[in-house]
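Below is one structure, written out as C-alpha cells; comments come after it.
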Amino acid sequence: RNFWDYYYSWFGNPSDIKPAGVTVERIGGADRYEVSVGASRTQFSPGVSTIYVATGSVFSDALSAGAAAAHEGGPLLLVKYSAIPASVRAEITRLEPAKIIVAGGPGSVSESVFAELQSLSPLVQRASGIDRYEASRSIAAQAFGADGAEIAYLATGKTFPDALSASSAAGSLGAPVILVRGTSSSIDDATTKLLIDLGVTDVRIAGGPASVSEGIMNSVAEIPGVTSVVRFGGANRYVVSQAVNGDAFSVASTAYVASGSVFSDALSGGPVAGITSSPLYVVKSSCIPKSVLQDMVDLGITKMVILGGSATLSTKVASFANCS
C-alpha cells in the first residue's frame, strides 16, 4: 500500500481517487459576509487580541491580511465599503477584540465604517497604502515587524488564487504573504527593504514565471540575508495550489477547499486554516483535481471543509468528484 501511495503521489492515479474516512463540512451563508462570520465562529472565542477587517468587494487587501491575522491569532472579517453587515457586527461584538486592524485605506473601507468599528473595540488602526502593494507591505510590517519572519511568500497582486493558496501555508509557518508587481523585471526597493527588516532568509514564490517573473526571482536571491528562493509554479492555479501546500504540510487532519474562480468565500478561511495548520486548496466549481485528492490521502486528512455555498462549490465537490 505504501508503494502505491508514493507511486500515485509522483505519477498520478489513473483511477478516480476518493479519500476514505473523510467527513465533509461546509461553511456557507447567504453572502460572502456571512461566510466570513461562519469561518470565524468555527475557531475563535470571545476575548481575541486582534481582528482584521477588509473589504469584501475586492481581494487585494485581504490576501495579505489572512496570513497576518493567523500570525496574530484572530479572524479576518469582511465588510462593505460603507457599511458593516449586521452578521459581521454581531460577530465582532461577540469576540470583544482588544484591537481591530483595517486592511486598506478609505478607498476600500470608508471612514464611516472605521468610525463604527471604533465603537466596537478600544483600538482601531489602519494598515494601508497608496496601492495594493504598499498596503500589503504595510500589513506585513505591522503584523510581523516586532517578531520578524524567517520565511516570506511572494505572490502576484493582479490575481488572487496563488496568494490565497499561500495564505494557509504562510499562516501555519508564521510567515507573511507579500504582493508584488509580478511582471516587473526585478524586485522593488520597498519590498527588498521589508524583507531585510523582517530578517527573511527563505523566500517562497507562489506562481509560475507568468505570475512572478524570473527577474524578480533572481533579484530576490541577491538580497542580503536571503539564502533560499524556491518557486511553486505549475500549468494552472490548481497545480500551484497543490505545490504550495505540498511543500508546507507533511501531515494534517483537516483540509479546506475554496473556489479557484471566485475569491470572496475563501478569504476568511485562510486565517482559520493557518491557525489550525491545515492546507487550503483552490479547486474547480464541480470537481477536485486528482493531485489535491492524492495530497489528502498522503497527509492523512480526515475532514474536508468547503468554503462557500453550493452555488460556488457544488455538491460534486462534497462527494470528491475527480477533475479529469
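If you're wondering about the labels, chains in the C-alpha cells are A, B, ... by order shown, residues count from 1 in each chain, ligands from 1 in order shown.
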With the cut-off set at 10 Å and counting only C-alpha atoms, tabulate each residue of range 1-81 of chain A with an atom at most that distance from an atom of range 255-258 of chain A, showing the nearest atom pair and its distance in Å to one decimal, ordered by chain and increasing number, as a tab-separated table.
```
residue	atom	partner	partner_atom	distance
A:Val22	CA	A:Ala255	CA	9.9
A:Val24	CA	A:Ala255	CA	9.8
A:Glu25	CA	A:Tyr256	CA	9.5
A:Arg26	CA	A:Tyr256	CA	9.5
```
Kindly export the residues of the current selection with all heavy atoms, as a compact mmCIF listing (two decimals), in the first residue's frame.
```txt
# COMPACT_ATOMS: atom_id res chain seq x y z
N VAL A 22 -13.21 10.30 5.23
CA VAL A 22 -13.14 11.76 5.33
C VAL A 22 -14.56 12.32 5.47
O VAL A 22 -15.40 12.12 4.60
CB VAL A 22 -12.45 12.37 4.10
CG1 VAL A 22 -12.43 13.90 4.21
CG2 VAL A 22 -11.03 11.84 3.96
N VAL A 24 -17.20 15.53 5.61
CA VAL A 24 -17.28 16.78 4.84
C VAL A 24 -18.18 17.77 5.57
O VAL A 24 -19.30 17.44 5.97
CB VAL A 24 -17.83 16.53 3.42
CG1 VAL A 24 -17.93 17.84 2.65
CG2 VAL A 24 -16.93 15.54 2.67
N GLU A 25 -17.67 18.98 5.75
CA GLU A 25 -18.44 20.08 6.32
C GLU A 25 -18.42 21.25 5.35
O GLU A 25 -17.50 21.38 4.54
CB GLU A 25 -17.87 20.52 7.68
CG GLU A 25 -17.91 19.44 8.74
CD GLU A 25 -17.31 19.90 10.06
OE1 GLU A 25 -16.95 21.10 10.15
OE2 GLU A 25 -17.20 19.08 10.98
N ARG A 26 -19.42 22.08 5.43
CA ARG A 26 -19.49 23.26 4.57
C ARG A 26 -19.73 24.51 5.42
O ARG A 26 -20.59 24.51 6.29
CB ARG A 26 -20.61 23.12 3.54
CG ARG A 26 -20.65 24.26 2.51
CD ARG A 26 -21.87 24.18 1.60
NE ARG A 26 -21.83 23.07 0.68
CZ ARG A 26 -21.29 23.10 -0.53
NH1 ARG A 26 -20.68 24.19 -0.95
NH2 ARG A 26 -21.32 22.03 -1.31
```
Shell of 10 Å around Ser228 in chain A, only C-alpha atoms, local chain residues under 2 positions omitted, as a ChimeraX atom specification: /A:151,200-204,220-221,225-226,230
Shell around Asp295 in chain A at 9 Å using only C-alpha atoms, local window under 5 positions removed, as an mmCIF file with all heavy atoms, in the first residue's frame:
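selection14.cif was written with the following content:
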```
data_model
loop_
_atom_site.group_PDB
_atom_site.id
_atom_site.type_symbol
_atom_site.label_atom_id
_atom_site.label_comp_id
_atom_site.auth_asym_id
_atom_site.auth_seq_id
_atom_site.Cartn_x
_atom_site.Cartn_y
_atom_site.Cartn_z
ATOM 1 N N SER A 9 1.553 9.582 -5.769
ATOM 2 C CA SER A 9 1.980 10.935 -5.448
ATOM 3 C C SER A 9 2.908 11.485 -6.532
ATOM 4 O O SER A 9 2.869 12.664 -6.878
ATOM 5 C CB SER A 9 2.689 10.968 -4.089
ATOM 6 O OG SER A 9 1.791 10.657 -3.054
ATOM 7 N N GLN A 242 -1.683 23.025 -5.184
ATOM 8 C CA GLN A 242 -1.197 21.745 -4.664
ATOM 9 C C GLN A 242 0.290 21.827 -4.342
ATOM 10 O O GLN A 242 0.748 21.292 -3.322
ATOM 11 C CB GLN A 242 -1.481 20.635 -5.678
ATOM 12 C CG GLN A 242 -1.154 19.233 -5.179
ATOM 13 C CD GLN A 242 0.312 18.870 -5.345
ATOM 14 O OE1 GLN A 242 0.945 19.291 -6.319
ATOM 15 N NE2 GLN A 242 0.852 18.099 -4.418
ATOM 16 N N ASN A 245 0.950 23.907 -1.051
ATOM 17 C CA ASN A 245 0.547 23.168 0.150
ATOM 18 C C ASN A 245 1.339 21.879 0.328
ATOM 19 O O ASN A 245 1.629 21.483 1.465
ATOM 20 C CB ASN A 245 -0.951 22.870 0.079
ATOM 21 C CG ASN A 245 -1.795 24.107 0.334
ATOM 22 O OD1 ASN A 245 -1.784 24.669 1.421
ATOM 23 N ND2 ASN A 245 -2.512 24.547 -0.686
ATOM 24 N N GLY A 246 1.702 21.248 -0.782
ATOM 25 C CA GLY A 246 2.508 20.036 -0.687
ATOM 26 C C GLY A 246 3.847 20.290 -0.043
ATOM 27 O O GLY A 246 4.403 19.428 0.648
ATOM 28 N N LYS A 290 -7.095 15.663 -9.131
ATOM 29 C CA LYS A 290 -6.586 14.417 -8.550
ATOM 30 C C LYS A 290 -5.357 14.653 -7.685
ATOM 31 O O LYS A 290 -5.162 13.977 -6.670
ATOM 32 C CB LYS A 290 -6.260 13.416 -9.662
ATOM 33 C CG LYS A 290 -7.474 12.747 -10.277
ATOM 34 C CD LYS A 290 -7.062 11.659 -11.243
ATOM 35 C CE LYS A 290 -8.274 10.928 -11.802
ATOM 36 N NZ LYS A 290 -7.886 9.839 -12.722
ATOM 37 N N GLY A 300 -3.158 12.313 5.330
ATOM 38 C CA GLY A 300 -3.973 11.694 6.362
ATOM 39 C C GLY A 300 -5.188 12.517 6.736
ATOM 40 O O GLY A 300 -5.626 12.515 7.894
ATOM 41 N N ILE A 301 -5.755 13.232 5.771
ATOM 42 C CA ILE A 301 -6.907 14.090 6.024
ATOM 43 C C ILE A 301 -8.110 13.254 6.467
ATOM 44 O O ILE A 301 -8.429 12.233 5.852
ATOM 45 C CB ILE A 301 -7.272 14.892 4.760
ATOM 46 C CG1 ILE A 301 -6.126 15.831 4.362
ATOM 47 C CG2 ILE A 301 -8.566 15.663 4.954
ATOM 48 C CD1 ILE A 301 -5.778 16.880 5.382
#
```
Best match for closeness to Val282 in chain A among A:Pro176, A:Gly182, A:Gly309, A:Pro161, counting only C-alpha atoms: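 Going through A:Pro176, A:Gly182, A:Gly309, A:Pro161 one by one, the smallest distance to Val282 in chain A is for A:Pro161.
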Which residue of A:Val240, A:Thr93, A:Lys18, A:Ala166 approaches Val317 in chain A most closely, using only C-alpha atoms: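 Nearest candidate to Val317 in chain A out of A:Val240, A:Thr93, A:Lys18, A:Ala166: A:Lys18.
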Residues flagged strand (DSSP E) by DSSP in range 127-190 of chain A, as a list in words: Ala127, Ile151, Ala152, Tyr153, Leu154, Ala155, Thr156, Val177, Ile178, Leu179 and Val180 of chain A
Closest contacts (range 147-175 of chain A/range 262-266 of chain A, max 12 Å, only C-alpha atoms) as CSV:
```
residue,atom,partner,partner_atom,distance
A:Thr159,CA,A:Phe263,CA,9.4
A:Phe160,CA,A:Phe263,CA,6.7
A:Pro161,CA,A:Phe263,CA,7.6
A:Asp162,CA,A:Phe263,CA,11.0
A:Ala163,CA,A:Phe263,CA,10.6
A:Leu164,CA,A:Ala266,CA,7.8
A:Ser165,CA,A:Ala266,CA,9.7
A:Ser167,CA,A:Ala266,CA,10.3
A:Ser168,CA,A:Ala266,CA,10.8
```
CA of Ile100 in chain A to CA of Arg126 in chain A, distance in Å rounded to a single decimal: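 Between CA of Ile100 in chain A and CA of Arg126 in chain A the gap works out to 8.5 Å.
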Long-range neighbours of Ser15 in chain A as an MDAnalysis selection string, 12 Å cut-off, only C-alpha atoms, 4 positions minimum in chain: chainID A and resid 8 290 293:294 321:324
Can I get the selected residues back with all heavy atoms, as a compact mmCIF listing (two decimals), in the first residue's frame?
```txt
# COMPACT_ATOMS: atom_id res chain seq x y z
N TYR A 8 1.49 6.99 -6.72
CA TYR A 8 0.44 7.90 -7.16
C TYR A 8 0.81 9.36 -6.87
O TYR A 8 0.45 10.26 -7.62
CB TYR A 8 -0.88 7.56 -6.46
CG TYR A 8 -1.46 6.23 -6.87
CD1 TYR A 8 -2.25 5.49 -5.98
CD2 TYR A 8 -1.23 5.70 -8.13
CE1 TYR A 8 -2.80 4.27 -6.35
CE2 TYR A 8 -1.77 4.47 -8.50
CZ TYR A 8 -2.55 3.77 -7.61
OH TYR A 8 -3.08 2.56 -7.97
N LYS A 290 -7.09 15.66 -9.13
CA LYS A 290 -6.59 14.42 -8.55
C LYS A 290 -5.36 14.65 -7.68
O LYS A 290 -5.16 13.98 -6.67
CB LYS A 290 -6.26 13.42 -9.66
CG LYS A 290 -7.47 12.75 -10.28
CD LYS A 290 -7.06 11.66 -11.24
CE LYS A 290 -8.27 10.93 -11.80
NZ LYS A 290 -7.89 9.84 -12.72
N LEU A 293 -6.58 15.57 -4.30
CA LEU A 293 -7.14 14.40 -3.61
C LEU A 293 -6.03 13.46 -3.16
O LEU A 293 -6.10 12.89 -2.07
CB LEU A 293 -8.11 13.67 -4.54
CG LEU A 293 -9.42 14.43 -4.82
CD1 LEU A 293 -10.18 13.78 -5.95
CD2 LEU A 293 -10.28 14.50 -3.57
N GLN A 294 -5.00 13.30 -3.98
CA GLN A 294 -3.88 12.46 -3.57
C GLN A 294 -3.15 13.06 -2.38
O GLN A 294 -2.72 12.34 -1.47
CB GLN A 294 -2.91 12.26 -4.73
CG GLN A 294 -1.79 11.25 -4.44
CD GLN A 294 -2.34 9.87 -4.14
OE1 GLN A 294 -3.14 9.34 -4.91
NE2 GLN A 294 -1.94 9.30 -3.01
N ALA A 321 -15.78 14.46 -6.43
CA ALA A 321 -15.71 14.25 -7.87
C ALA A 321 -14.32 14.61 -8.37
O ALA A 321 -13.78 15.68 -8.03
CB ALA A 321 -16.76 15.10 -8.58
N ASN A 322 -13.72 13.74 -9.18
CA ASN A 322 -12.37 13.95 -9.69
C ASN A 322 -12.40 14.81 -10.95
O ASN A 322 -13.24 14.59 -11.84
CB ASN A 322 -11.72 12.62 -10.05
CG ASN A 322 -11.27 11.82 -8.83
OD1 ASN A 322 -10.22 11.20 -8.83
ND2 ASN A 322 -12.08 11.79 -7.77
N CYS A 323 -11.49 15.78 -11.04
CA CYS A 323 -11.29 16.52 -12.29
C CYS A 323 -10.48 15.65 -13.24
O CYS A 323 -9.48 15.04 -12.83
CB CYS A 323 -10.55 17.83 -12.05
SG CYS A 323 -11.45 19.01 -11.06
N SER A 324 -10.89 15.62 -14.49
CA SER A 324 -10.17 14.81 -15.47
C SER A 324 -8.90 15.52 -15.91
O SER A 324 -8.74 16.70 -15.71
CB SER A 324 -11.06 14.56 -16.68
OG SER A 324 -11.50 15.76 -17.24
```
Non-local contacts of range 101-112 of chain A (9 Å; only C-alpha atoms; under 3 positions in same chain excluded) as a PyMOL selection string: chain A and resi 50-55+57-58+60-62+64-65+79-83+115-117+123-132+135-136+138-139
Shell around Ala248 in chain A at 9 Å using only C-alpha atoms, local window under 5 positions removed, as a ChimeraX atom specification: /A:169-170,172-173,243,279
Picked from range 119-290 of chain A by DSSP as alpha helix (DSSP H), as a count of residues only: 63
Residue nearest Ile178 in chain A - candidates A:Lys193, A:His71, A:Arg137, A:Lys158, atoms counted: only C-alpha atoms: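 So, comparing all the options, the nearest one is A:Arg137.
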Counting only C-alpha atoms, the residue of A:Ala210, A:Val37, A:Leu307, A:Ala149 that sits nearest Ser184 in chain A: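 Nearest to Ser184 in chain A: A:Ala210.
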Interatomic distance, CA of Thr192 in chain A to CA of Ser49 in chain A (Å, one decimal):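 Answer for the CA of Thr192 in chain A to CA of Ser49 in chain A separation: 29.7 Å.
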Å distance separating CA of Gln142 in chain A from CA of Ser87 in chain A, one decimal place: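 That distance, rounded to one decimal, is 27.3 Å.
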Closest of A:Pro224, A:Gly47, A:Gly145, A:Gly274 to Gly174 in chain A - atom-to-atom distances counting only C-alpha atoms: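 For Gly174 in chain A, the nearest of the given residues is A:Gly274.
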